[in-house]
$ cat target-v9.cif   # mmCIF, C-alpha atoms
data_query
loop_
_atom_site.label_atom_id
_atom_site.label_comp_id
_atom_site.auth_asym_id
_atom_site.auth_seq_id
_atom_site.Cartn_x
_atom_site.Cartn_y
_atom_site.Cartn_z
CA MET A 413 71.87 188.66 18.64
CA THR A 414 73.10 185.63 20.60
CA ALA A 415 70.98 182.56 20.04
CA HIS A 416 69.23 180.94 22.98
CA ARG A 417 70.51 177.38 23.34
CA ILE A 418 67.47 175.10 23.67
CA LEU A 419 68.03 171.49 24.71
CA VAL A 420 65.36 169.14 23.34
CA LEU A 421 64.68 166.00 25.41
CA GLY A 422 61.86 164.00 23.84
CA GLY A 423 61.84 161.34 26.54
CA ASP A 424 59.39 158.46 26.56
CA GLY A 425 56.06 157.33 25.15
CA VAL A 426 54.38 160.07 23.15
CA GLY A 427 56.99 162.58 24.34
CA PRO A 428 59.17 162.39 21.21
CA GLU A 429 56.09 162.59 18.95
CA VAL A 430 54.62 165.74 20.48
CA THR A 431 58.02 167.36 21.00
CA ALA A 432 58.78 166.84 17.30
CA GLN A 433 55.82 169.07 16.44
CA ALA A 434 56.98 171.78 18.83
CA VAL A 435 60.42 171.55 17.21
CA ARG A 436 58.83 171.93 13.75
CA VAL A 437 57.15 175.12 14.96
CA ALA A 438 60.39 176.39 16.50
CA GLN A 439 62.25 175.73 13.24
CA TRP A 440 59.55 177.61 11.34
CA LEU A 441 59.91 180.58 13.71
CA ILE A 442 63.69 180.53 13.30
CA ALA A 443 63.44 180.46 9.50
CA ARG A 444 60.46 182.76 8.93
CA CYS A 445 60.68 185.19 11.85
CA GLY A 446 64.39 185.16 12.70
CA ILE A 447 63.82 184.06 16.30
CA PRO A 448 67.32 183.41 17.77
CA LEU A 449 67.03 179.81 18.92
CA GLU A 450 69.63 177.05 18.65
CA LEU A 451 68.03 173.62 19.01
CA VAL A 452 70.17 170.77 20.36
CA GLU A 453 68.89 167.24 21.00
CA ALA A 454 70.23 164.71 23.51
CA PRO A 455 69.27 161.17 24.62
CA TYR A 456 66.98 160.83 27.63
CA GLY A 457 64.65 158.15 28.99
CA MET A 458 64.24 154.46 28.22
CA SER A 459 66.12 154.69 24.92
CA ALA A 460 69.05 156.29 26.78
CA TRP A 461 68.90 153.53 29.40
CA GLN A 462 69.01 150.86 26.72
CA ALA A 463 71.90 152.52 24.88
CA HIS A 464 73.93 154.00 27.73
CA GLY A 465 72.76 152.33 30.95
CA ALA A 466 71.36 155.58 32.34
CA ILE A 467 68.07 157.43 31.95
CA LEU A 468 70.00 160.70 32.19
CA PRO A 469 73.49 159.98 30.76
CA ASP A 470 76.36 162.19 31.89
CA PRO A 471 76.69 163.98 28.51
CA THR A 472 72.97 164.80 28.61
CA LEU A 473 73.29 166.13 32.16
CA ALA A 474 76.18 168.34 31.01
CA ALA A 475 73.98 169.61 28.16
CA VAL A 476 71.21 170.31 30.69
CA ARG A 477 73.54 172.48 32.71
CA ASN A 478 74.76 174.37 29.62
CA ALA A 479 71.33 175.03 28.09
CA ASP A 480 69.45 178.30 28.30
CA ALA A 481 66.22 176.32 28.45
CA ILE A 482 64.96 172.76 28.04
CA LEU A 483 62.06 171.62 25.86
CA PHE A 484 60.94 168.35 27.44
CA GLY A 485 58.53 165.65 26.25
CA ALA A 486 57.48 163.05 28.83
CA ILE A 487 58.94 160.60 31.33
CA GLY A 488 57.92 156.94 31.42
CA ASP A 489 57.48 154.34 34.15
CA TYR A 490 60.65 152.32 33.38
CA PRO A 491 59.59 148.80 34.33
CA GLY A 492 62.58 146.68 35.25
CA VAL A 493 64.90 149.65 35.79
CA PRO A 494 66.30 149.79 39.37
CA VAL A 495 64.66 152.46 41.50
CA GLU A 496 67.99 154.19 42.20
CA ILE A 497 68.59 154.64 38.47
CA ARG A 498 65.03 155.88 37.94
CA ARG A 499 65.49 158.51 40.63
CA ALA A 500 68.92 159.52 39.31
CA GLY A 501 67.40 160.29 35.92
CA SER A 502 63.97 161.55 36.89
CA VAL A 503 62.48 164.88 35.92
CA LEU A 504 62.33 165.56 39.68
CA ARG A 505 66.13 165.46 39.66
CA LEU A 506 66.22 167.92 36.77
CA ARG A 507 63.99 170.29 38.73
CA ARG A 508 66.20 170.02 41.79
CA GLU A 509 69.45 170.16 39.78
CA LEU A 510 68.45 173.44 38.13
CA GLY A 511 66.58 174.92 41.09
CA LEU A 512 63.29 175.08 39.19
CA PHE A 513 61.20 176.02 42.20
CA ALA A 514 58.21 177.56 40.40
CA ASN A 515 56.02 175.52 38.09
CA LEU A 516 53.68 177.66 36.00
CA ARG A 517 50.65 175.89 34.51
CA PRO A 518 48.35 178.18 32.51
CA VAL A 519 44.80 176.94 32.05
CA ARG A 520 42.33 178.62 29.70
CA TYR A 521 38.99 177.90 28.11
CA TRP A 522 39.14 177.42 24.35
CA SER A 523 35.90 178.60 22.73
CA PRO A 524 36.31 176.36 19.64
CA LEU A 525 36.28 173.33 21.96
CA SER A 526 32.97 174.17 23.65
CA ALA A 527 31.34 171.02 22.25
CA SER A 528 33.98 168.73 23.75
CA CYS A 529 34.64 170.59 27.02
CA PRO A 530 32.99 168.76 29.94
CA LEU A 531 32.08 172.11 31.53
CA ARG A 532 29.26 174.23 30.16
CA ALA A 533 30.29 177.38 28.31
CA GLU A 534 28.35 179.55 30.75
CA VAL A 535 30.48 178.08 33.57
CA ALA A 536 33.93 177.93 32.00
CA GLY A 537 33.78 180.50 29.19
CA GLY A 538 36.43 183.19 29.56
CA THR A 539 38.44 181.28 32.17
CA ASP A 540 42.16 182.17 32.19
CA ILE A 541 44.05 180.89 35.23
CA ALA A 542 47.75 180.70 36.03
CA ILE A 543 48.41 177.91 38.53
CA VAL A 544 51.76 178.29 40.29
CA ARG A 545 52.95 175.07 41.93
CA GLU A 546 55.92 174.91 44.28
CA ASN A 547 58.21 172.53 42.44
CA THR A 548 61.19 171.41 44.52
CA GLY A 549 59.80 170.66 47.98
CA GLY A 550 56.95 168.96 49.76
CA LEU A 551 56.10 165.26 49.65
CA TYR A 552 57.90 164.65 46.36
CA PHE A 553 61.27 165.63 47.82
CA GLY A 554 60.94 165.41 51.61
CA THR A 555 62.98 162.97 53.69
CA PRO A 556 62.81 160.51 55.34
CA ARG A 557 61.05 158.46 52.69
CA GLY A 558 60.91 154.81 51.76
CA THR A 559 59.32 151.44 52.46
CA THR A 560 60.37 149.08 55.24
CA THR A 561 59.22 145.73 56.59
CA LEU A 562 58.20 145.80 60.25
CA ALA A 563 59.09 143.13 62.79
CA ASP A 564 55.66 141.52 62.47
CA GLY A 565 55.99 141.26 58.66
CA ARG A 566 53.80 144.22 57.75
CA ARG A 567 55.19 146.72 55.25
CA GLU A 568 55.17 150.43 55.98
CA SER A 569 55.83 153.39 53.68
CA VAL A 570 56.77 156.91 54.74
CA ASN A 571 56.84 160.18 52.81
CA THR A 572 57.61 163.48 54.47
CA LEU A 573 55.81 166.76 53.83
CA ARG A 574 58.12 169.59 54.78
CA TYR A 575 58.54 173.23 53.82
CA ALA A 576 60.70 175.98 55.26
CA SER A 577 59.33 179.51 55.31
CA ASP A 578 61.90 180.75 52.77
CA GLU A 579 60.80 178.07 50.26
CA ILE A 580 57.17 179.16 50.66
CA GLU A 581 58.06 182.83 50.41
CA ARG A 582 60.13 182.27 47.26
CA VAL A 583 57.30 180.70 45.27
CA ALA A 584 54.72 183.08 46.73
CA ARG A 585 56.81 186.06 45.59
CA PHE A 586 56.89 184.59 42.08
CA ALA A 587 53.09 184.25 42.17
CA PHE A 588 52.56 187.79 43.49
CA GLU A 589 54.79 189.20 40.76
CA LEU A 590 52.86 187.21 38.16
CA ALA A 591 49.54 188.46 39.52
CA ARG A 592 50.77 192.04 39.11
CA THR A 593 51.10 191.41 35.36
CA ARG A 594 47.62 189.87 35.08
CA GLY A 595 44.39 190.58 36.95
CA GLY A 596 46.01 191.52 40.25
CA ARG A 597 44.44 188.65 42.24
CA LEU A 598 46.18 185.78 44.00
CA CYS A 599 44.51 182.83 45.71
CA SER A 600 46.80 180.86 48.02
CA VAL A 601 45.68 177.25 48.52
CA ASP A 602 46.58 175.12 51.54
CA LYS A 603 45.17 172.64 54.07
CA SER A 604 45.66 174.78 57.15
CA ASN A 605 42.65 173.31 58.97
CA VAL A 606 44.47 169.96 59.29
CA LEU A 607 48.19 170.33 58.54
CA GLU A 608 50.75 172.35 60.50
CA ASN A 609 52.52 172.73 57.17
CA GLY A 610 49.41 174.42 55.82
CA VAL A 611 49.35 176.82 58.77
CA LEU A 612 52.94 177.84 58.05
CA TRP A 613 52.10 178.22 54.36
CA ARG A 614 49.19 180.57 55.08
CA GLN A 615 51.11 182.59 57.68
CA THR A 616 54.11 183.03 55.36
CA VAL A 617 52.04 184.11 52.33
CA THR A 618 49.99 186.50 54.47
CA ALA A 619 53.10 188.13 55.95
CA LEU A 620 54.73 188.55 52.53
CA HIS A 621 51.54 190.13 51.20
CA ALA A 622 51.46 192.65 54.03
CA ARG A 623 55.15 193.56 53.60
CA GLU A 624 55.48 193.80 49.82
CA TYR A 625 52.32 193.13 47.84
CA ALA A 626 49.41 195.04 49.37
CA ASP A 627 48.46 196.14 45.83
CA VAL A 628 47.57 192.52 44.96
CA ALA A 629 44.24 191.17 46.22
CA LEU A 630 45.07 188.06 48.30
CA SER A 631 42.61 185.33 49.26
CA HIS A 632 43.08 181.93 50.88
CA MET A 633 41.26 178.70 50.11
CA LEU A 634 41.43 175.14 51.41
CA VAL A 635 42.51 172.69 48.74
CA ASP A 636 39.34 170.58 48.81
CA ASN A 637 37.19 173.67 48.28
CA CYS A 638 39.51 174.85 45.51
CA ALA A 639 39.08 171.54 43.69
CA MET A 640 35.32 172.05 43.73
CA GLN A 641 35.50 175.73 42.75
CA LEU A 642 37.66 174.95 39.71
CA VAL A 643 34.74 173.07 38.17
CA ARG A 644 31.92 175.08 39.76
CA ASP A 645 33.14 178.64 39.06
CA PRO A 646 36.64 178.68 37.52
CA ARG A 647 36.36 182.30 36.35
CA GLN A 648 36.76 183.51 39.94
CA PHE A 649 40.49 182.68 39.78
CA ASP A 650 43.33 184.73 38.34
CA VAL A 651 46.55 183.28 39.85
CA ILE A 652 46.61 180.30 42.22
CA VAL A 653 49.69 179.41 44.28
CA THR A 654 50.01 176.18 46.21
CA GLU A 655 52.40 173.46 47.34
CA ASN A 656 53.79 170.67 45.21
CA MET A 657 51.28 167.83 45.48
CA PHE A 658 48.20 170.07 45.64
CA GLY A 659 49.42 171.91 42.55
CA ASP A 660 49.99 168.67 40.70
CA ILE A 661 46.46 167.45 41.41
CA LEU A 662 44.62 170.76 40.93
CA SER A 663 46.31 171.59 37.63
CA ASP A 664 45.52 168.17 36.17
CA GLY A 665 41.92 168.52 37.30
CA ALA A 666 41.81 171.93 35.66
CA GLY A 667 42.43 170.14 32.36
CA ALA A 668 38.64 169.82 32.19
CA ILE A 669 38.49 173.57 31.56
CA ALA A 670 40.79 173.30 28.55
CA GLY A 671 39.02 170.18 27.30
CA SER A 672 41.92 167.76 27.74
CA LEU A 673 45.27 167.32 29.50
CA GLY A 674 46.69 167.36 25.98
CA MET A 675 45.97 171.10 25.83
CA LEU A 676 47.99 172.04 28.91
CA PRO A 677 51.56 173.42 28.82
CA SER A 678 53.86 174.12 31.74
CA ALA A 679 57.02 176.01 32.60
CA SER A 680 59.34 175.11 35.48
CA LEU A 681 61.37 178.20 36.33
CA GLY A 682 64.29 178.98 38.60
CA ALA A 683 65.71 182.19 40.05
CA VAL A 684 67.20 184.87 37.82
CA ASP A 685 70.99 184.98 38.26
CA ALA A 686 73.34 187.97 38.23
CA ALA A 687 73.65 187.75 34.43
CA GLY A 688 69.90 187.88 34.01
CA HIS A 689 69.57 184.19 33.09
CA ARG A 690 66.76 182.06 34.50
CA PRO A 691 67.02 178.25 34.20
CA ALA A 692 63.83 176.80 32.74
CA LEU A 693 62.24 173.57 31.59
CA TYR A 694 59.11 173.54 29.43
CA GLU A 695 56.88 170.49 29.01
CA PRO A 696 53.28 169.48 28.35
CA VAL A 697 51.37 168.47 31.46
CA HIS A 698 50.24 165.11 30.06
CA GLY A 699 52.32 161.99 30.68
CA SER A 700 53.92 159.48 28.35
CA ALA A 701 50.59 157.79 27.39
CA PRO A 702 52.17 154.43 26.52
CA ASP A 703 48.84 153.08 25.24
CA ILE A 704 48.98 155.38 22.20
CA ALA A 705 52.75 155.84 21.87
CA GLY A 706 54.03 155.37 18.34
CA LYS A 707 50.57 155.53 16.80
CA GLY A 708 50.62 159.19 15.77
CA LEU A 709 47.48 159.96 17.78
CA ALA A 710 48.75 162.19 20.59
CA ASN A 711 47.72 165.83 20.86
CA PRO A 712 50.83 168.03 20.40
CA ILE A 713 49.18 171.30 21.47
CA GLY A 714 50.43 171.06 25.06
CA ALA A 715 53.99 170.76 23.71
CA ILE A 716 53.46 173.59 21.19
CA LEU A 717 52.02 175.86 23.89
CA SER A 718 55.00 174.95 26.09
CA LEU A 719 57.14 176.37 23.29
CA ALA A 720 55.03 179.54 23.51
CA LEU A 721 55.88 179.76 27.21
CA LEU A 722 59.56 179.33 26.30
CA LEU A 723 59.29 182.19 23.83
CA ARG A 724 57.74 184.39 26.50
CA HIS A 725 59.82 183.53 29.56
CA SER A 726 63.21 182.49 28.13
CA ALA A 727 63.56 183.92 24.62
CA GLY A 728 61.99 187.25 25.57
CA VAL A 729 59.68 187.51 22.55
CA PRO A 730 56.18 187.77 24.06
CA ASP A 731 54.71 189.08 20.81
CA VAL A 732 55.80 185.92 18.99
CA ALA A 733 54.47 183.80 21.86
CA ALA A 734 51.10 185.54 21.50
CA MET A 735 51.17 184.93 17.74
CA LEU A 736 51.77 181.23 18.33
CA GLU A 737 48.96 180.99 20.88
CA ALA A 738 46.64 182.75 18.42
CA ALA A 739 47.70 180.26 15.73
CA VAL A 740 46.71 177.37 18.01
CA GLU A 741 43.30 178.95 18.46
CA GLY A 742 43.11 179.48 14.71
CA ALA A 743 43.84 175.81 14.06
CA LEU A 744 41.12 174.81 16.52
CA SER A 745 38.68 177.29 15.00
CA GLY A 746 39.39 175.71 11.63
CA GLY A 747 38.24 172.35 12.98
CA ALA A 748 41.57 170.64 13.74
CA ARG A 749 40.88 167.96 16.36
CA THR A 750 42.94 165.13 17.76
CA ALA A 751 40.91 162.34 19.36
CA ASP A 752 41.13 163.72 22.91
CA ILE A 753 39.44 167.02 22.01
CA ALA A 754 36.98 165.85 19.36
CA ALA A 755 33.26 165.95 20.11
CA PRO A 756 31.13 163.04 18.87
CA GLY A 757 30.91 163.14 15.09
CA GLU A 758 33.81 165.53 14.57
CA PRO A 759 36.57 164.34 12.21
CA VAL A 760 39.83 163.39 13.94
CA ILE A 761 43.38 164.05 12.79
CA GLY A 762 46.72 162.81 14.11
CA THR A 763 49.76 164.36 15.75
CA VAL A 764 51.55 165.49 12.59
CA ALA A 765 48.37 166.84 10.99
CA MET A 766 47.71 168.97 14.08
CA GLY A 767 51.24 170.33 13.76
CA ASP A 768 50.46 171.06 10.10
CA ALA A 769 47.30 172.95 11.12
CA VAL A 770 49.21 175.16 13.57
CA LEU A 771 51.92 175.89 10.99
CA ALA A 772 49.27 176.78 8.41
CA ALA A 773 47.70 179.19 10.89
CA LEU A 774 51.13 180.74 11.53
CA GLU A 775 51.68 181.18 7.80
CA ALA A 776 48.29 182.88 7.51
CA ALA A 777 49.12 185.18 10.44
CA LEU A 778 52.46 186.13 8.90
CA ARG A 779 50.81 186.93 5.54
CA ALA A 780 48.22 189.06 7.32
CA ARG A 781 50.98 191.07 8.95
CA GLY A 782 52.29 191.87 5.48
#
$ encode --input "target-v9.cif" --output "structure tokens"
Amino acid sequence: MTAHRILVLGGDGVGPEVTAQAVRVAQWLIARCGIPLELVEAPYGMSAWQAHGAILPDPTLAAVRNADAILFGAIGDYPGVPVEIRRAGSVLRLRRELGLFANLRPVRYWSPLSASCPLRAEVAGGTDIAIVRENTGGLYFGTPRGTTTLADGRRESVNTLRYASDEIERVARFAFELARTRGGRLCSVDKSNVLENGVLWRQTVTALHAREYADVALSHMLVDNCAMQLVRDPRQFDVIVTENMFGDILSDGAGAIAGSLGMLPSASLGAVDAAGHRPALYEPVHGSAPDIAGKGLANPIGAILSLALLLRHSAGVPDVAAMLEAAVEGALSGGARTADIAAPGEPVIGTVAMGDAVLAALEAALRARG
């Protein structure tokens, strides 16, 4: 079987630390379960800027284009680096370069973390949501953009929110297809009471539903209401689809359900080509967390669960992905807690020890299988 070529980009801050634990798990799966992965590392981020004068050096960009999937850590703020160079090496460029239009952010309630979850168990228990965020359009990519100085000396900034109907339909189709594999319910989130863009979003999703996905239950919700419902009654949701900025904000807010942003993985996915290959980038939702970088404190579970998404969506081994997700729950059930998910009085472990706990749970699962 041909190995899947996985490019590892640790990036900045805690990115290399948490990615290292996901790599440890991947190496264990290669050695113990025969999963066909080939791991290749390349420079990216501030260390690449310091060594090569670019956040995304040309050899790394070539490796990006040749990879079957990317396992990504985090991107930093890059103080002192010219804005043009920051943009040329940003993760936004990677998304655009590879056409990663659909960002999948699963959010679930973890029963072992009930004591540290800010939502009551009777509110959040059993929650399992897939948030699908449009990933290559909207305010983050729209033009014109920039800051200018007006004639009277005031400064003015402009960002442009734009979507074409085919961009909306593309990500909505991905979300409908995903809903068919889950609970069969899709909630489309917009701001159609204020924004013309939101009106087009709702019209386009509604028309696609009528044409191709009448078997999926479709609802619509305004983004401000959705933000409230995610903490008031998150179990009502199965799959949520929304535009780029709304998806960014809602999925981070949904971290309360999981207990911490450190628990959240993501997958940025492109279209399947004629050969059956889908470009993909997997990364934890949390940022570079420079305040704890290098201290061995960061929670690696978001990175490890991003590997599980890679196993499911790129490597095509959903059973192994499920085994890994069960091992994470096993580690949590055994009391493994980094500082971000520890309730008062619970003992705290570091990044490497959490990786150890997940690997121990995997070993136990493998022994149980015989």
$ residues_around --input "target-v9.cif" --residues "A:Val476" --least-positions-apart "5" --cutoff "12 Å" --atoms "all atoms listed in the file" --output "PyMOL selection string"
chain A and resi 417-421+452-456+468-471+481-484+501+503+505-507+509-510+691-693
$ closest_residue --input "target-v9.cif" --among "A:Glu758, A:Glu775, A:Glu581, A:Glu589" --to "A:Ser528" --atoms "only C-alpha atoms"
A:Glu758
$ closest_residue --input "target-v9.cif" --among "A:His698, A:His464, A:Arg545, A:Arg781" --to "A:Ile652" --atoms "all atoms listed in the file"
A:Arg545
$ closest_residue --input "target-v9.cif" --among "A:Ile716, A:Ala563, A:Leu473, A:Leu525" --to "A:Ser745" --atoms "all atoms listed in the file"
A:Leu525
$ closest_residue --input "target-v9.cif" --among "A:Ser631, A:Thr431, A:Asn656, A:Thr616" --to "A:Val544" --atoms "all atoms listed in the file"
A:Asn656
$ residues_near_point --input "target-v9.cif" --point "(51.1, 171.2, 20.8)" --cutoff "8 Å" --atoms "only C-alpha atoms" --output "ChimeraX atom specification"
/A:430-431,433-434,674-675,711-718,766-767
$ build_atoms --input "target-v9.cif" --residues "stretch 480-516 of chain A" --atoms "N, CA and C atoms" --output "short mmCIF file (atom, residue, chain, number, x, y, z; two decimals), in the frame of the given file"
data_model
loop_
_atom_site.label_atom_id
_atom_site.label_comp_id
_atom_site.auth_asym_id
_atom_site.auth_seq_id
_atom_site.Cartn_x
_atom_site.Cartn_y
_atom_site.Cartn_z
N ASP A 480 70.21 177.14 27.83
CA ASP A 480 69.45 178.30 28.30
C ASP A 480 68.05 177.89 28.73
N ALA A 481 67.53 176.85 28.10
CA ALA A 481 66.22 176.32 28.45
C ALA A 481 66.11 174.91 27.89
N ILE A 482 65.18 174.14 28.46
CA ILE A 482 64.96 172.76 28.04
C ILE A 482 63.52 172.62 27.54
N LEU A 483 63.37 171.99 26.39
CA LEU A 483 62.06 171.62 25.86
C LEU A 483 61.92 170.12 26.06
N PHE A 484 61.01 169.72 26.95
CA PHE A 484 60.94 168.35 27.44
C PHE A 484 59.65 167.69 26.97
N GLY A 485 59.71 166.37 26.73
CA GLY A 485 58.53 165.65 26.25
C GLY A 485 57.75 164.98 27.36
N ALA A 486 58.19 163.79 27.78
CA ALA A 486 57.48 163.05 28.83
C ALA A 486 58.44 162.03 29.43
N ILE A 487 58.15 161.62 30.65
CA ILE A 487 58.94 160.60 31.33
C ILE A 487 58.08 159.37 31.53
N GLY A 488 58.67 158.19 31.33
CA GLY A 488 57.92 156.94 31.42
C GLY A 488 57.99 156.30 32.79
N ASP A 489 57.51 155.06 32.88
CA ASP A 489 57.48 154.34 34.15
C ASP A 489 58.72 153.47 34.38
N TYR A 490 59.41 153.08 33.32
CA TYR A 490 60.65 152.32 33.38
C TYR A 490 60.53 151.00 34.13
N PRO A 491 59.66 150.11 33.69
CA PRO A 491 59.59 148.80 34.33
C PRO A 491 60.90 148.04 34.18
N GLY A 492 61.35 147.45 35.27
CA GLY A 492 62.58 146.68 35.25
C GLY A 492 63.83 147.48 35.50
N VAL A 493 63.73 148.80 35.52
CA VAL A 493 64.90 149.65 35.79
C VAL A 493 64.99 149.85 37.30
N PRO A 494 66.15 149.62 37.92
CA PRO A 494 66.30 149.79 39.37
C PRO A 494 65.86 151.17 39.83
N VAL A 495 65.24 151.22 41.01
CA VAL A 495 64.66 152.46 41.50
C VAL A 495 65.72 153.56 41.66
N GLU A 496 66.94 153.18 42.03
CA GLU A 496 67.99 154.19 42.20
C GLU A 496 68.31 154.86 40.87
N ILE A 497 68.31 154.08 39.79
CA ILE A 497 68.59 154.64 38.47
C ILE A 497 67.42 155.51 38.00
N ARG A 498 66.19 155.07 38.30
CA ARG A 498 65.03 155.88 37.94
C ARG A 498 65.11 157.25 38.61
N ARG A 499 65.42 157.24 39.90
CA ARG A 499 65.49 158.51 40.63
C ARG A 499 66.64 159.38 40.12
N ALA A 500 67.76 158.76 39.79
CA ALA A 500 68.92 159.52 39.31
C ALA A 500 68.65 160.22 37.99
N GLY A 501 67.70 159.68 37.21
CA GLY A 501 67.40 160.29 35.92
C GLY A 501 66.05 160.95 35.82
N SER A 502 65.34 161.07 36.93
CA SER A 502 63.97 161.55 36.89
C SER A 502 63.88 163.04 36.60
N VAL A 503 62.71 163.45 36.14
CA VAL A 503 62.48 164.88 35.92
C VAL A 503 62.51 165.63 37.25
N LEU A 504 62.20 164.93 38.36
CA LEU A 504 62.33 165.56 39.68
C LEU A 504 63.78 165.96 39.93
N ARG A 505 64.72 165.11 39.49
CA ARG A 505 66.13 165.46 39.66
C ARG A 505 66.48 166.68 38.83
N LEU A 506 65.95 166.76 37.61
CA LEU A 506 66.22 167.92 36.77
C LEU A 506 65.72 169.20 37.45
N ARG A 507 64.52 169.12 38.04
CA ARG A 507 63.99 170.29 38.73
C ARG A 507 64.88 170.71 39.88
N ARG A 508 65.33 169.71 40.66
CA ARG A 508 66.20 170.02 41.79
C ARG A 508 67.57 170.49 41.32
N GLU A 509 68.12 169.83 40.31
CA GLU A 509 69.45 170.16 39.78
C GLU A 509 69.52 171.61 39.33
N LEU A 510 68.46 172.09 38.69
CA LEU A 510 68.45 173.44 38.13
C LEU A 510 67.76 174.46 39.04
N GLY A 511 67.26 174.00 40.18
CA GLY A 511 66.58 174.92 41.09
C GLY A 511 65.28 175.48 40.53
N LEU A 512 64.52 174.63 39.85
CA LEU A 512 63.29 175.08 39.19
C LEU A 512 62.14 175.05 40.19
N PHE A 513 62.10 176.04 41.05
CA PHE A 513 61.20 176.02 42.20
C PHE A 513 59.76 176.41 41.88
N ALA A 514 59.55 177.08 40.74
CA ALA A 514 58.21 177.56 40.40
C ALA A 514 57.72 176.88 39.13
N ASN A 515 56.61 176.17 39.24
CA ASN A 515 56.02 175.52 38.09
C ASN A 515 54.76 176.29 37.70
N LEU A 516 54.79 176.86 36.51
CA LEU A 516 53.68 177.66 36.00
C LEU A 516 52.85 176.82 35.05
#
